[in-house]
file protein.cif (mmCIF, C-alpha atoms (C1' of nucleotides))
data_target
#
loop_
_atom_site.group_PDB
_atom_site.id
_atom_site.type_symbol
_atom_site.label_atom_id
_atom_site.label_comp_id
_atom_site.auth_asym_id
_atom_site.auth_seq_id
_atom_site.Cartn_x
_atom_site.Cartn_y
_atom_site.Cartn_z
ATOM 1 C CA MET A 8 -17.228 -8.748 -9.376
ATOM 2 C CA MET A 9 -15.248 -6.289 -11.408
ATOM 3 C CA ILE A 10 -13.409 -3.620 -9.458
ATOM 4 C CA ALA A 11 -11.431 -0.734 -10.878
ATOM 5 C CA THR A 12 -9.338 2.200 -9.726
ATOM 6 C CA TRP A 13 -8.780 5.448 -11.607
ATOM 7 C CA ASN A 14 -7.069 8.671 -10.649
ATOM 8 C CA VAL A 15 -9.136 11.080 -12.752
ATOM 9 C CA ASN A 16 -7.170 14.281 -12.026
ATOM 10 C CA SER A 17 -10.291 16.430 -11.510
ATOM 11 C CA LEU A 18 -13.698 14.784 -11.635
ATOM 12 C CA LYS A 19 -15.158 18.092 -12.778
ATOM 13 C CA ILE A 20 -13.128 17.903 -15.991
ATOM 14 C CA ARG A 21 -13.265 14.125 -16.372
ATOM 15 C CA LEU A 22 -16.877 13.344 -15.418
ATOM 16 C CA PRO A 23 -17.997 12.764 -19.042
ATOM 17 C CA GLN A 24 -15.067 10.396 -19.572
ATOM 18 C CA VAL A 25 -15.841 8.524 -16.360
ATOM 19 C CA ILE A 26 -19.500 8.123 -17.323
ATOM 20 C CA ASP A 27 -18.545 6.964 -20.832
ATOM 21 C CA TRP A 28 -15.973 4.553 -19.437
ATOM 22 C CA LEU A 29 -18.467 3.057 -16.987
ATOM 23 C CA GLN A 30 -20.967 2.491 -19.760
ATOM 24 C CA GLU A 31 -18.353 0.652 -21.814
ATOM 25 C CA ASN A 32 -16.821 -1.042 -18.779
ATOM 26 C CA PRO A 33 -19.718 -1.706 -16.416
ATOM 27 C CA VAL A 34 -17.604 -2.611 -13.402
ATOM 28 C CA ASP A 35 -19.307 -3.244 -10.064
ATOM 29 C CA VAL A 36 -17.048 -0.950 -8.060
ATOM 30 C CA LEU A 37 -14.963 1.984 -9.309
ATOM 31 C CA CYS A 38 -12.597 3.737 -6.922
ATOM 32 C CA LEU A 39 -11.715 7.294 -7.938
ATOM 33 C CA GLN A 40 -8.955 9.590 -6.730
ATOM 34 C CA GLU A 41 -8.126 13.264 -7.127
ATOM 35 C CA LEU A 42 -11.681 14.535 -7.448
ATOM 36 C CA LYS A 43 -10.290 18.038 -6.874
ATOM 37 C CA GLN A 44 -13.725 19.323 -5.934
ATOM 38 C CA ASP A 45 -15.518 20.019 -2.706
ATOM 39 C CA THR A 46 -17.858 17.374 -1.278
ATOM 40 C CA GLU A 47 -20.989 19.405 -2.032
ATOM 41 C CA PHE A 48 -20.229 19.527 -5.773
ATOM 42 C CA PHE A 49 -20.108 15.765 -6.289
ATOM 43 C CA ASP A 50 -22.571 14.985 -9.103
ATOM 44 C CA LEU A 51 -24.297 11.884 -7.733
ATOM 45 C CA ALA A 52 -27.201 12.220 -10.189
ATOM 46 C CA SER A 53 -24.942 11.587 -13.192
ATOM 47 C CA PHE A 54 -23.947 8.224 -11.707
ATOM 48 C CA GLU A 55 -27.485 7.339 -10.627
ATOM 49 C CA GLU A 56 -28.689 7.894 -14.176
ATOM 50 C CA ILE A 57 -26.518 5.013 -15.355
ATOM 51 C CA GLY A 58 -27.334 2.685 -12.485
ATOM 52 C CA TYR A 59 -24.724 3.456 -9.865
ATOM 53 C CA THR A 60 -24.615 4.888 -6.400
ATOM 54 C CA ALA A 61 -21.587 6.397 -4.674
ATOM 55 C CA CYS A 62 -19.920 7.492 -1.487
ATOM 56 C CA TRP A 63 -17.245 10.163 -1.523
ATOM 57 C CA SER A 64 -15.152 12.587 0.437
ATOM 58 C CA GLY A 65 -14.045 15.769 -1.256
ATOM 59 C CA GLN A 66 -12.277 19.023 -0.589
ATOM 60 C CA LYS A 67 -11.620 22.170 -2.558
ATOM 61 C CA THR A 68 -8.839 22.069 -5.195
ATOM 62 C CA TYR A 69 -6.909 19.010 -4.010
ATOM 63 C CA ASN A 70 -7.274 15.306 -3.253
ATOM 64 C CA GLY A 71 -10.712 13.769 -2.810
ATOM 65 C CA VAL A 72 -11.797 10.132 -3.230
ATOM 66 C CA ALA A 73 -14.999 8.336 -4.205
ATOM 67 C CA ILE A 74 -16.328 4.806 -4.557
ATOM 68 C CA ILE A 75 -18.861 4.386 -7.365
ATOM 69 C CA SER A 76 -20.778 1.116 -7.042
ATOM 70 C CA ARG A 77 -23.714 -0.981 -8.240
ATOM 71 C CA THR A 78 -24.880 -1.587 -4.673
ATOM 72 C CA GLU A 79 -24.624 0.627 -1.653
ATOM 73 C CA GLY A 80 -21.451 0.429 0.394
ATOM 74 C CA LYS A 81 -21.856 -0.089 4.135
ATOM 75 C CA ASP A 82 -19.813 0.963 7.160
ATOM 76 C CA ILE A 83 -18.313 3.885 5.286
ATOM 77 C CA VAL A 84 -15.158 5.351 6.787
ATOM 78 C CA ARG A 85 -13.798 8.667 5.569
ATOM 79 C CA ASN A 86 -10.118 9.221 6.272
ATOM 80 C CA ASN A 87 -7.892 7.131 8.496
ATOM 81 C CA PRO A 88 -9.169 7.306 12.082
ATOM 82 C CA LEU A 89 -5.565 6.753 13.242
ATOM 83 C CA PHE A 90 -4.203 9.753 11.320
ATOM 84 C CA GLU A 91 -5.665 13.196 11.711
ATOM 85 C CA ASP A 92 -5.463 14.811 8.302
ATOM 86 C CA PRO A 93 -7.347 17.638 6.598
ATOM 87 C CA GLN A 94 -6.443 16.087 3.233
ATOM 88 C CA GLN A 95 -9.167 13.766 1.975
ATOM 89 C CA ARG A 96 -7.249 10.735 0.783
ATOM 90 C CA LEU A 97 -9.070 7.632 2.026
ATOM 91 C CA ILE A 98 -12.559 6.174 1.931
ATOM 92 C CA ALA A 99 -13.621 2.633 2.821
ATOM 93 C CA ALA A 100 -16.861 0.724 2.346
ATOM 94 C CA THR A 101 -18.110 -2.854 2.621
ATOM 95 C CA PHE A 102 -19.924 -4.632 -0.213
ATOM 96 C CA GLU A 103 -22.022 -7.742 0.301
ATOM 97 C CA THR A 104 -21.311 -10.573 -2.145
ATOM 98 C CA ASP A 105 -22.108 -14.259 -2.493
ATOM 99 C CA GLN A 106 -18.598 -14.881 -1.163
ATOM 100 C CA GLY A 107 -19.262 -12.796 1.928
ATOM 101 C CA PRO A 108 -18.590 -9.117 2.600
ATOM 102 C CA ILE A 109 -15.669 -7.478 0.812
ATOM 103 C CA ARG A 110 -14.041 -4.473 2.451
ATOM 104 C CA VAL A 111 -12.872 -1.954 -0.157
ATOM 105 C CA ILE A 112 -10.373 0.708 0.879
ATOM 106 C CA ASP A 113 -9.775 3.452 -1.696
ATOM 107 C CA VAL A 114 -6.631 5.546 -1.219
ATOM 108 C CA TYR A 115 -4.942 8.518 -2.797
ATOM 109 C CA CYS A 116 -1.509 8.237 -1.229
ATOM 110 C CA PRO A 117 0.638 11.384 -0.998
ATOM 111 C CA ASN A 118 3.030 12.130 -3.829
ATOM 112 C CA GLY A 119 5.937 13.118 -1.602
ATOM 113 C CA SER A 120 7.265 15.853 -3.918
ATOM 114 C CA ALA A 121 11.004 15.228 -3.378
ATOM 115 C CA VAL A 122 12.951 12.809 -1.217
ATOM 116 C CA GLY A 123 13.747 14.474 2.098
ATOM 117 C CA SER A 124 11.113 17.216 1.772
ATOM 118 C CA ASP A 125 8.375 17.883 4.312
ATOM 119 C CA LYS A 126 5.902 16.289 1.921
ATOM 120 C CA TYR A 127 8.097 13.210 1.753
ATOM 121 C CA GLU A 128 8.056 12.897 5.527
ATOM 122 C CA TYR A 129 4.278 13.344 5.442
ATOM 123 C CA LYS A 130 4.045 10.581 2.853
ATOM 124 C CA LEU A 131 6.010 8.138 4.984
ATOM 125 C CA ALA A 132 4.036 9.034 8.116
ATOM 126 C CA TRP A 133 0.791 8.689 6.156
ATOM 127 C CA TYR A 134 1.850 5.243 4.940
ATOM 128 C CA LYS A 135 2.792 4.104 8.432
ATOM 129 C CA GLU A 136 -0.649 4.884 9.778
ATOM 130 C CA LEU A 137 -2.292 3.488 6.648
ATOM 131 C CA THR A 138 -0.560 0.209 7.451
ATOM 132 C CA ASN A 139 -1.891 0.299 11.005
ATOM 133 C CA PHE A 140 -5.383 1.043 9.733
ATOM 134 C CA VAL A 141 -5.340 -1.699 7.083
ATOM 135 C CA LYS A 142 -4.037 -4.126 9.687
ATOM 136 C CA SER A 143 -7.034 -3.413 11.904
ATOM 137 C CA GLU A 144 -9.372 -3.691 8.925
ATOM 138 C CA MET A 145 -7.904 -7.078 7.997
ATOM 139 C CA GLU A 146 -8.513 -8.280 11.536
ATOM 140 C CA LYS A 147 -12.186 -7.408 11.092
ATOM 141 C CA HIS A 148 -12.687 -8.532 7.484
ATOM 142 C CA GLN A 149 -11.570 -11.680 5.697
ATOM 143 C CA HIS A 150 -11.866 -10.186 2.204
ATOM 144 C CA VAL A 151 -10.025 -6.890 1.735
ATOM 145 C CA VAL A 152 -9.262 -4.862 -1.392
ATOM 146 C CA LEU A 153 -6.836 -1.970 -0.916
ATOM 147 C CA THR A 154 -6.736 0.025 -4.113
ATOM 148 C CA GLY A 155 -5.951 3.444 -5.502
ATOM 149 C CA ASP A 156 -3.073 5.681 -6.459
ATOM 150 C CA PHE A 157 -0.184 4.588 -4.242
ATOM 151 C CA ASN A 158 2.357 6.968 -5.745
ATOM 152 C CA ILE A 159 4.965 4.222 -5.428
ATOM 153 C CA ALA A 160 6.321 2.019 -8.225
ATOM 154 C CA PRO A 161 6.989 -1.313 -6.489
ATOM 155 C CA GLU A 162 9.840 -2.605 -8.641
ATOM 156 C CA ASP A 163 12.274 -1.416 -11.291
ATOM 157 C CA ARG A 164 10.198 -3.113 -13.985
ATOM 158 C CA ASP A 165 7.388 -0.706 -13.036
ATOM 159 C CA VAL A 166 9.532 2.286 -14.050
ATOM 160 C CA HIS A 167 10.433 3.442 -17.556
ATOM 161 C CA GLU A 168 14.100 3.398 -18.412
ATOM 162 C CA GLY A 169 14.640 7.134 -18.649
ATOM 163 C CA TYR A 170 13.056 7.961 -15.302
ATOM 164 C CA LYS A 171 15.076 10.576 -13.490
ATOM 165 C CA GLY A 172 14.898 11.212 -9.805
ATOM 166 C CA ASP A 173 14.119 9.045 -6.855
ATOM 167 C CA ILE A 174 10.682 10.109 -5.668
ATOM 168 C CA LEU A 175 8.118 7.281 -6.105
ATOM 169 C CA ILE A 176 10.898 4.680 -6.177
ATOM 170 C CA SER A 177 13.100 5.474 -3.169
ATOM 171 C CA PRO A 178 13.911 2.538 -0.856
ATOM 172 C CA PRO A 179 11.989 3.998 2.128
ATOM 173 C CA GLU A 180 8.900 4.404 -0.055
ATOM 174 C CA ARG A 181 9.174 0.882 -1.409
ATOM 175 C CA ALA A 182 9.697 -0.399 2.125
ATOM 176 C CA ALA A 183 6.508 1.390 3.192
ATOM 177 C CA LEU A 184 4.584 -0.313 0.400
ATOM 178 C CA GLN A 185 6.153 -3.645 1.306
ATOM 179 C CA GLU A 186 4.943 -3.250 4.891
ATOM 180 C CA LEU A 187 1.415 -3.081 3.537
ATOM 181 C CA ILE A 188 1.994 -6.138 1.354
ATOM 182 C CA ASP A 189 3.428 -7.957 4.350
ATOM 183 C CA LEU A 190 0.091 -7.648 6.123
ATOM 184 C CA GLY A 191 -0.974 -10.403 3.726
ATOM 185 C CA LEU A 192 -1.895 -8.520 0.562
ATOM 186 C CA HIS A 193 -1.065 -9.375 -3.041
ATOM 187 C CA ASP A 194 -0.493 -7.112 -6.032
ATOM 188 C CA SER A 195 -3.242 -8.495 -8.272
ATOM 189 C CA PHE A 196 -1.475 -7.223 -11.392
ATOM 190 C CA ARG A 197 1.503 -9.484 -10.747
ATOM 191 C CA LEU A 198 -0.599 -12.595 -10.249
ATOM 192 C CA PHE A 199 -0.815 -12.805 -14.035
ATOM 193 C CA GLU A 200 1.471 -12.631 -17.012
ATOM 194 C CA GLN A 201 1.703 -9.027 -18.187
ATOM 195 C CA GLU A 202 3.331 -7.150 -21.009
ATOM 196 C CA GLU A 203 6.724 -5.717 -20.264
ATOM 197 C CA LYS A 204 6.697 -1.979 -19.638
ATOM 198 C CA SER A 205 3.155 -1.913 -18.314
ATOM 199 C CA PHE A 206 2.439 1.430 -16.669
ATOM 200 C CA SER A 207 -0.585 3.215 -15.195
ATOM 201 C CA TRP A 208 0.646 6.816 -15.310
ATOM 202 C CA TRP A 209 2.424 8.855 -17.987
ATOM 203 C CA ASP A 210 3.681 12.413 -17.671
ATOM 204 C CA TYR A 211 1.722 14.995 -19.659
ATOM 205 C CA ARG A 212 5.058 16.511 -20.654
ATOM 206 C CA MET A 213 7.641 15.221 -23.087
ATOM 207 C CA MET A 214 5.062 13.128 -24.942
ATOM 208 C CA GLY A 215 5.214 10.704 -22.068
ATOM 209 C CA PHE A 216 2.364 8.530 -23.253
ATOM 210 C CA ARG A 217 3.475 8.321 -26.856
ATOM 211 C CA ARG A 218 6.946 7.274 -25.692
ATOM 212 C CA ASN A 219 5.439 4.945 -23.070
ATOM 213 C CA ALA A 220 7.553 6.795 -20.527
ATOM 214 C CA GLY A 221 5.452 5.868 -17.518
ATOM 215 C CA LEU A 222 5.277 4.379 -14.072
ATOM 216 C CA ARG A 223 3.042 1.726 -12.521
ATOM 217 C CA ILE A 224 1.811 3.429 -9.384
ATOM 218 C CA ASP A 225 -1.905 2.550 -9.344
ATOM 219 C CA HIS A 226 -2.562 -0.804 -7.743
ATOM 220 C CA ILE A 227 -5.234 -3.250 -6.674
ATOM 221 C CA LEU A 228 -3.981 -5.111 -3.614
ATOM 222 C CA ILE A 229 -6.064 -8.058 -2.426
ATOM 223 C CA SER A 230 -6.120 -10.310 0.604
ATOM 224 C CA GLU A 231 -5.104 -13.977 0.391
ATOM 225 C CA SER A 232 -8.757 -15.066 0.323
ATOM 226 C CA LEU A 233 -9.380 -12.970 -2.795
ATOM 227 C CA LYS A 234 -6.145 -14.018 -4.467
ATOM 228 C CA GLN A 235 -7.666 -17.488 -4.765
ATOM 229 C CA ILE A 236 -10.627 -16.129 -6.734
ATOM 230 C CA CYS A 237 -8.968 -13.325 -8.713
ATOM 231 C CA GLU A 238 -9.358 -14.027 -12.439
ATOM 232 C CA PHE A 239 -7.367 -11.202 -14.021
ATOM 233 C CA CYS A 240 -5.989 -7.705 -13.642
ATOM 234 C CA TRP A 241 -5.270 -5.334 -16.491
ATOM 235 C CA ILE A 242 -4.587 -1.682 -17.256
ATOM 236 C CA ASP A 243 -6.973 0.025 -19.675
ATOM 237 C CA LYS A 244 -4.872 2.472 -21.676
ATOM 238 C CA GLU A 245 -7.746 3.569 -23.893
ATOM 239 C CA PRO A 246 -8.869 6.589 -21.805
ATOM 240 C CA ARG A 247 -5.282 7.875 -21.865
ATOM 241 C CA ARG A 248 -5.602 8.264 -25.652
ATOM 242 C CA LEU A 249 -8.613 10.615 -25.410
ATOM 243 C CA GLU A 250 -8.589 14.384 -25.769
ATOM 244 C CA ARG A 251 -7.896 15.985 -22.380
ATOM 245 C CA PRO A 252 -7.127 12.696 -20.645
ATOM 246 C CA SER A 253 -6.256 12.075 -17.041
ATOM 247 C CA ASP A 254 -2.542 11.308 -16.761
ATOM 248 C CA HIS A 255 -3.540 7.998 -15.093
ATOM 249 C CA ALA A 256 -5.216 4.980 -16.693
ATOM 250 C CA PRO A 257 -7.831 2.789 -15.001
ATOM 251 C CA VAL A 258 -6.706 -0.532 -13.535
ATOM 252 C CA VAL A 259 -9.321 -3.290 -13.472
ATOM 253 C CA ALA A 260 -9.475 -6.633 -11.645
ATOM 254 C CA LYS A 261 -12.040 -9.399 -11.752
ATOM 255 C CA ILE A 262 -12.871 -11.395 -8.650
ATOM 256 C CA THR A 263 -15.139 -14.439 -8.740
ATOM 257 C CA ALA A 264 -17.889 -13.008 -6.578
ATOM 258 C CA THR A 265 -21.284 -11.450 -7.203
ATOM 259 C CA LEU A 266 -22.610 -8.364 -5.493
ATOM 260 C CA THR A 267 -25.777 -9.087 -3.507
ATOM 261 C "C1'" DA B 15 18.845 23.481 -21.581
ATOM 262 C "C1'" DT B 16 16.648 19.536 -15.437
ATOM 263 C "C1'" DG B 17 11.995 22.686 -18.957
ATOM 264 C "C1'" DG B 18 8.469 20.969 -21.705
ATOM 265 C "C1'" DC B 19 1.860 19.702 -19.474
ATOM 266 C "C1'" DC B 20 -2.375 20.089 -17.004
ATOM 267 C "C1'" DA B 21 -5.763 21.674 -13.355
ATOM 268 C "C1'" DC B 22 -6.862 24.937 -9.844
ATOM 269 C "C1'" DG B 23 -7.842 29.531 -7.951
ATOM 270 C "C1'" DT B 24 -7.955 34.064 -8.858
ATOM 271 C "C1'" DA B 25 -7.752 37.116 -12.454
ATOM 272 C "C1'" DA B 26 -1.528 36.658 -15.348
ATOM 273 C "C1'" DC B 27 0.838 33.752 -12.700
ATOM 274 C "C1'" DG B 28 1.951 30.603 -8.450
ATOM 275 C "C1'" DT B 29 1.187 25.846 -6.597
ATOM 276 C "C1'" DG B 30 0.946 21.014 -7.065
ATOM 277 C "C1'" DG B 31 1.114 16.892 -9.398
ATOM 278 C "C1'" DA B 32 4.559 12.511 -10.379
#
call {"tool": "encode", "arguments": {"input": "protein.cif", "output": "structure tokens"}}
result
Amino acid sequence: MMIATWNVNSLKIRLPQVIDWLQENPVDVLCLQELKQDTEFFDLASFEEIGYTACWSGQKTYNGVAIISRTEGKDIVRNNPLFEDPQQRLIAATFETDQGPIRVIDVYCPNGSAVGSDKYEYKLAWYKELTNFVKSEMEKHQHVVLTGDFNIAPEDRDVHEGYKGDILISPPERAALQELIDLGLHDSFRLFEQEEKSFSWWDYRMMGFRRNAGLRIDHILISESLKQICEFCWIDKEPRRLERPSDHAPVVAKITATLT
DNA sequence: ATGGCCACGTAACGTGGA
């Protein structure tokens, strides 16, 4: 089973790129973030034409998440039931495999704007209740994938040298991410040898991509049971080279399991 | 020089992203 995450920064703009990418990278499950379009405008037919189905939760202008998949996801949850929130930032679904059901939780975590701001406090509160939700999900499911745009770079090696500012790397943010990890999750990317200066996001400004001035903030976290059967994790920088790219690149992991 | 880009909504900028 191949699973990927990609913050597309507007599915309306990026739909052709997503379709092209799926045809070249026929993953089983693709988690999207920042659809930036209302639920009713989600173009399911375009995915069905190439052999996928989907579940999604959108809103006008901001946020929005979707899970594109080869088989239908079950027990779909939209938003964290423990955290009342008009912002559509979470969707979860279960996929049957020959290794048993795998619970996939797709998140678009808040950016936080600036340390100490209202949005920063919202981010930390959002993370706290995400942790409580994921904890309850892990009690119900052996196999859990928590993936998406976390808007936190876990370690200094996930941050380019010239990065200014403390949002996305502040100790309280990293502690919030660590609390999730401490539930028994593993950063699949770090299970394998990786190039130095591997990032998943690059600023549109200042020729960020060309200078490789990026951050690694998009992650695929997996439960202990899946760690044992995770074969690789990599970042696909190719879509970032396209005309009108998303500022994020897809992250892909392979798990030794087959959708059923 | 602390900006620079991109997308959105509504109609020439303001907001948000990271």
call {"tool": "resolve_selection", "arguments": {"input": "protein.cif", "expression": "the PyMOL selection byres ((chain B) within 7 of (chain A))", "output": "list in words"}}
result
DG18, DC19, DC22 and DA32 of chain B
call {"tool": "atom_distance", "arguments": {"input": "protein.cif", "atom1": "atom CA of A:Lys19", "atom2": "atom CA of A:Phe48"}}
result
8.8 Å
call {"tool": "atom_distance", "arguments": {"input": "protein.cif", "atom1": "atom CA of A:Asp165", "atom2": "atom CA of A:Ala182"}}
result
15.3 Å
call {"tool": "atom_distance", "arguments": {"input": "protein.cif", "atom1": "atom CA of A:Glu202", "atom2": "atom CA of A:Leu233"}}
result
23.0 Å
call {"tool": "residues_around", "arguments": {"input": "protein.cif", "residues": "A:Val114", "least_positions_apart": "3", "cutoff": "7 Å", "atoms": "only C-alpha atoms (C1' of nucleotides)", "output": "NGL selection string"}}
result
:A and (96-98 or 154-156)
call {"tool": "residues_around", "arguments": {"input": "protein.cif", "residues": "A:Asn14", "least_positions_apart": "3", "cutoff": "6 Å", "atoms": "all atoms listed in the file", "output": "list in words"}}
result
Leu39, Gln40, Glu41 and His255 of chain A
call {"tool": "decode", "arguments": {"input": "protein.cif", "residues": "chain B", "atoms": "C-alpha atoms (C1' of nucleotides)", "output": "compact mmCIF listing (two decimals), in the first residue's frame"}}
result
# COMPACT_ATOMS: atom_id res chain seq x y z
C1' DA B 15 15.46 47.34 3.01
C1' DT B 16 12.19 42.17 7.56
C1' DG B 17 9.84 42.84 1.40
C1' DG B 18 10.03 39.87 -2.35
C1' DC B 19 5.02 35.13 -4.01
C1' DC B 20 0.62 33.00 -4.55
C1' DA B 21 -4.51 32.20 -3.96
C1' DC B 22 -8.87 34.01 -2.59
C1' DG B 23 -12.80 37.20 -2.75
C1' DT B 24 -14.46 41.09 -4.62
C1' DA B 25 -13.59 44.19 -8.07
C1' DA B 26 -7.62 47.33 -6.74
C1' DC B 27 -6.33 45.79 -2.61
C1' DG B 28 -6.70 43.22 2.13
C1' DT B 29 -6.07 38.58 4.30
C1' DG B 30 -3.67 34.40 4.95
C1' DG B 31 -0.22 31.24 4.19
C1' DA B 32 4.65 29.41 6.42
